[in-house]
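Visitor: Questions regarding the structure given below will be posed in turn.
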Amino acid sequence: MPADQVQLAVDGQTGVGCGSRPQQRGSEARRTAMAGIYGWASLILREVVRYRPLTAVELLQADPATKHYVALALRGWEVHQHRSRSALRRLSVDLFERPRRAVLSASWGLPFGRLSVLKRLPGRLLTRTQYDHLVRILRDPQLRGLLNASPKIRSRDLAVLSAFDAPLIASASLRAVADIGGSTLGYVLAAIRRHRPDINDAGLIGLCKGLRNGNRLAPWLHGILQHSPLPQPLWDGTGAIAPLRTVSEIQKAGKELHNCLVEPERWLPALLGQCCYYRVGEPLGPAVVAVVGDSLIGAWRIDSCAGEHNRPLRAPTKRQIFDAFAAAGIHFYGDDPRHRTLHWYGLVDGFPLIPPW
């Protein structure tokens with residue numbers, strides 16, 4: 001902050017200058033500077049400065065870690081001190097006179113450890129919710145360990161970590177957790193536990209340490225599960241339609257047909273028994289059919305059927321494929337499971353309709 005603006009801030013509180021104009025100019029400059037730096041906290045800081053005018057200088061000259069400390073203390077006052085004026089008066093005095101850990105502990109009613117994490121937060125102030133996330137993480141030794149291992153913390157990392165409830169992933173990197181997302185990682189861990197019972201907790205921790213970012217999820221997961229058999233398919237297929245029985249077979253089909261089966265998000269439902277993939281060969285293919293378990297209707301249905309590069313199949317070819325699945329007892333297709341398969345290729349009560357593909 002320029003020295004003349006800092007001096008204006010102090011003058012505005014102490015009344016230095018002739019008449020009321022310097023005081024008004026100082027107050028206006030201070031409010032503008034505070035709003036630009038502290039955002040949502042600036043209105044509360046007006047009261048803090050009113051209780052202790054010299055605090056204005058310290059606030060305007062604060063480094064990023066100090067600004068986060070101030071905002072965190074104010075958020076604690078809002079949440080745990082119920083915006084008490086007497087508590088804010090005490091806080092205005094303590095803010096720059098007592099040790100920071102002691103101030104935050106009193107403000108939040110919680111013990112605080114080392115505060116070096118504040119130096120690795122974004123330069124700008126966080127939102128109220130993000131500070132709530134930060135406190136929740138700091139209270140969990142494993143989640144706090146992830147923050148401590150990261151040289152730079154993004155604001156979105158806090159939301160992901162705060163909502164994540166799988167302690168083992170604390171062995172992975174913060175970047176991996178934030179890039180992939182807590183729900184997907186929880187799904188991944190469930191699949192690994194189910195299909196690799198030979199991997200105990202210690203082994204899983206070791207594996208997680210090798211997951212450094214979201215871009216590595218596919219090869220990382222493939223290396224762990226590539227030889228794991230999938231649950232028994234609901235139908236063994238025909239000469240032209242064969243179930244894909246391992247992760248490697250799913251990935252291979254994705255590469256050959258240039259579709260999304262190369263992505264881990266497509267393997268996991270199959271590993272957990274919620275989806276079956278079928279490779280369609282000559283004379284009907286090449287194509288892949290995905291069959292999913294639909295809990296709404298309590299039955300399996302064809303979720304998708306496509307050729308190379310996800311191109312739609314010709315209507316006669318699609319009809320032959322659907323006939324084969326219908327003969328195996330899979331009678332539903334598409335986003336609207338109320339329509340049986342035969343309806344979709346144009347036969348309703350014996351009257352042909354225009355096919356929807």
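Starting from 1 in every chain, residues are counted up; chains themselves are A, B, ... following the order of the structure tokens, and ligands are numbered from 1 as listed.
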Quick one: pick out all strand (DSSP E or B) residues within segment 33-254 of chain A from a backbone DSSP run and write them as a list of chain:residue names.
Guide: A:Pro229, A:Ile241, A:Ala242, A:Pro243, A:Thr246
Visitor: Go ahead and save the picked residues with N, CA and C atoms, as a compact mmCIF listing (two decimals), in the first residue's frame.
Guide:
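See result-v3.txt below for the written result:
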# COMPACT_ATOMS: atom_id res chain seq x y z
N PRO A 229 -10.52 -60.48 -13.45
CA PRO A 229 -11.73 -60.89 -14.19
C PRO A 229 -12.92 -60.05 -13.78
N ILE A 241 -21.36 -61.96 -31.21
CA ILE A 241 -21.47 -61.03 -30.09
C ILE A 241 -20.83 -61.69 -28.86
N ALA A 242 -19.73 -61.11 -28.39
CA ALA A 242 -18.98 -61.73 -27.29
C ALA A 242 -18.80 -60.74 -26.15
N PRO A 243 -19.01 -61.18 -24.89
CA PRO A 243 -18.79 -60.28 -23.75
C PRO A 243 -17.31 -59.99 -23.55
N THR A 246 -12.42 -58.83 -19.27
CA THR A 246 -11.38 -58.23 -18.44
C THR A 246 -11.23 -56.75 -18.79
Visitor: To test your reading of the structure, identify every residue in segment 26-195 of chain A that backbone DSSP assigns to alpha helix (DSSP H), and report it as a ChimeraX atom specification.
Guide: /A:26-38,42-51,55-60,64-80,85-94,100-108,128-138,141-148,155-163,174-180,182-195
Visitor: Applying 12 Å and only C-alpha atoms, which residues near Thr55 of chain A remain after dropping the ones on its own chain fewer than 2 positions away? List them as a list in words.
Guide: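 Counting only the stated atoms, we get Val6, Ala9, Val10, Gln13, Arg30, Met34, Leu45, Arg46, Glu47, Val48, Val49, Arg50, Tyr51, Arg52, Pro53, Val57, Glu58, Leu59, Leu60, Gln61, Ala62, Val70, Leu91, Ser92, Val93, Asp94, Leu95, Phe96 and Glu97 of chain A.
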Visitor: Go ahead and write the selection's residues with N, CA, C and O atoms as a CSV table (one decimal), in the first residue's frame.
Guide:
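As written to disk, out32.csv reads:
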chain,number,residue,atom,x,y,z
A,6,VAL,N,-1.6,4.9,3.3
A,6,VAL,CA,-1.5,4.4,4.7
A,6,VAL,C,-1.7,5.5,5.7
A,6,VAL,O,-2.4,5.4,6.7
A,9,ALA,N,-5.1,6.7,6.0
A,9,ALA,CA,-5.9,5.8,6.8
A,9,ALA,C,-5.8,6.1,8.3
A,9,ALA,O,-6.7,6.1,9.1
A,10,VAL,N,-4.5,6.3,8.7
A,10,VAL,CA,-4.3,6.6,10.1
A,10,VAL,C,-4.8,8.0,10.5
A,10,VAL,O,-5.5,8.2,11.5
A,13,GLN,N,-8.5,8.2,11.2
A,13,GLN,CA,-8.9,7.7,12.5
A,13,GLN,C,-8.5,8.6,13.7
A,13,GLN,O,-9.1,8.7,14.7
A,30,ARG,N,-9.5,4.6,3.3
A,30,ARG,CA,-9.4,3.3,4.0
A,30,ARG,C,-10.5,2.3,3.6
A,30,ARG,O,-10.2,1.1,3.4
A,34,MET,N,-9.7,-1.2,2.0
A,34,MET,CA,-10.1,-2.4,2.7
A,34,MET,C,-11.0,-3.3,1.9
A,34,MET,O,-10.9,-4.5,1.8
A,45,LEU,N,-14.0,-5.5,9.4
A,45,LEU,CA,-12.8,-4.8,9.7
A,45,LEU,C,-13.0,-3.3,10.0
A,45,LEU,O,-12.2,-2.7,10.7
A,46,ARG,N,-14.1,-2.7,9.5
A,46,ARG,CA,-14.4,-1.3,9.8
A,46,ARG,C,-14.6,-1.2,11.3
A,46,ARG,O,-14.1,-0.2,12.0
A,47,GLU,N,-15.3,-2.2,11.9
A,47,GLU,CA,-15.5,-2.1,13.3
A,47,GLU,C,-14.2,-2.4,14.1
A,47,GLU,O,-13.9,-1.8,15.1
A,48,VAL,N,-13.4,-3.3,13.6
A,48,VAL,CA,-12.1,-3.7,14.2
A,48,VAL,C,-11.3,-2.4,14.3
A,48,VAL,O,-10.7,-2.1,15.3
A,49,VAL,N,-11.2,-1.6,13.2
A,49,VAL,CA,-10.4,-0.4,13.1
A,49,VAL,C,-11.0,0.6,14.0
A,49,VAL,O,-10.3,1.4,14.6
A,50,ARG,N,-12.3,0.7,14.1
A,50,ARG,CA,-12.9,1.6,15.0
A,50,ARG,C,-12.5,1.4,16.5
A,50,ARG,O,-12.3,2.3,17.2
A,51,TYR,N,-12.4,0.1,16.8
A,51,TYR,CA,-12.0,-0.3,18.2
A,51,TYR,C,-10.5,0.0,18.4
A,51,TYR,O,-10.1,0.4,19.5
A,52,ARG,N,-9.7,-0.2,17.4
A,52,ARG,CA,-8.3,0.0,17.5
A,52,ARG,C,-7.7,0.6,16.2
A,52,ARG,O,-7.4,-0.1,15.3
A,53,PRO,N,-7.7,1.9,16.1
A,53,PRO,CA,-7.4,2.6,14.9
A,53,PRO,C,-6.1,2.2,14.2
A,53,PRO,O,-6.0,2.1,13.0
A,57,VAL,N,-3.2,0.3,9.7
A,57,VAL,CA,-1.9,0.3,9.0
A,57,VAL,C,-1.5,-1.2,8.9
A,57,VAL,O,-1.0,-1.6,7.8
A,58,GLU,N,-1.6,-2.0,9.9
A,58,GLU,CA,-1.2,-3.4,9.9
A,58,GLU,C,-2.0,-4.2,8.8
A,58,GLU,O,-1.5,-5.0,8.1
A,59,LEU,N,-3.3,-3.9,8.7
A,59,LEU,CA,-4.1,-4.6,7.8
A,59,LEU,C,-3.8,-4.2,6.3
A,59,LEU,O,-3.7,-5.1,5.4
A,60,LEU,N,-3.5,-2.9,6.1
A,60,LEU,CA,-3.2,-2.5,4.7
A,60,LEU,C,-1.8,-2.9,4.3
A,60,LEU,O,-1.6,-3.1,3.1
A,61,GLN,N,-0.9,-3.1,5.2
A,61,GLN,CA,0.4,-3.5,4.8
A,61,GLN,C,0.7,-5.0,5.0
A,61,GLN,O,1.8,-5.5,4.8
A,62,ALA,N,-0.4,-5.8,5.3
A,62,ALA,CA,-0.2,-7.2,5.5
A,62,ALA,C,0.2,-8.0,4.3
A,62,ALA,O,-0.2,-7.7,3.2
A,70,VAL,N,-6.1,-13.1,9.2
A,70,VAL,CA,-7.1,-12.2,9.6
A,70,VAL,C,-8.5,-12.7,9.2
A,70,VAL,O,-9.4,-12.7,10.1
A,91,LEU,N,-11.0,-9.2,20.0
A,91,LEU,CA,-10.3,-9.7,18.8
A,91,LEU,C,-9.5,-8.6,18.2
A,91,LEU,O,-8.4,-8.7,17.7
A,92,SER,N,-10.1,-7.4,18.1
A,92,SER,CA,-9.4,-6.2,17.5
A,92,SER,C,-8.1,-5.9,18.2
A,92,SER,O,-7.2,-5.4,17.6
A,93,VAL,N,-8.1,-6.1,19.5
A,93,VAL,CA,-6.9,-5.9,20.3
A,93,VAL,C,-5.9,-7.1,20.1
A,93,VAL,O,-4.7,-6.9,19.9
A,94,ASP,N,-6.4,-8.3,20.2
A,94,ASP,CA,-5.6,-9.5,20.1
A,94,ASP,C,-5.0,-9.7,18.8
A,94,ASP,O,-3.9,-10.4,18.7
A,95,LEU,N,-5.6,-9.3,17.7
A,95,LEU,CA,-5.3,-9.7,16.4
A,95,LEU,C,-3.8,-9.6,16.0
A,95,LEU,O,-3.2,-10.5,15.5
A,96,PHE,N,-3.2,-8.4,16.4
A,96,PHE,CA,-1.8,-8.2,16.1
A,96,PHE,C,-0.9,-8.1,17.4
A,96,PHE,O,0.2,-7.7,17.3
A,97,GLU,N,-1.5,-8.5,18.5
A,97,GLU,CA,-0.7,-8.4,19.8
A,97,GLU,C,-0.5,-9.8,20.4
A,97,GLU,O,0.5,-9.9,21.2
Visitor: Have a look at A:Asn213, A:Thr184, A:Ser86, A:Ser228 and name the one nearest to Arg266 of chain A; count only C-alpha atoms.
Guide: A:Thr184
Visitor: May I ask for the distance between atom CA of Ser84 of chain A and atom CA of Gly39 of chain A, given in Å to one decimal place?
Guide: 20.7 Å
Visitor: Please provide the set of residues having any atom within 12 Å of Val289 of chain A, restricted to only C-alpha atoms, with same-chain residues fewer than 5 positions apart removed, written as JSON, numbers by chain.
Guide: {"A": [237, 241, 242, 243, 244, 250, 253, 254, 257, 259, 261, 275, 276, 277, 278, 279, 280, 281, 284, 301, 302, 303, 304, 305, 306, 307, 308, 310, 312, 313, 318, 321, 322, 324, 325, 333, 334]}
Visitor: Calculated over only C-alpha atoms, which of the candidates A:His227, A:Arg100, A:Arg175, A:His82 has the smallest distance to Arg212 of chain A?
Guide: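 Nearest to Arg212 of chain A: A:Arg175.
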Visitor: Rounded to one decimal in Å, what is the spacing between atom CA of Thr238 of chain A and atom CA of His331 of chain A?
Guide: 16.8 Å
Visitor: Mind giving me the straight-line distance from atom CA of Arg114 of chain A to atom CA of Asp179 of chain A in Å, one decimal?
Guide: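 The value is 26.4 Å.
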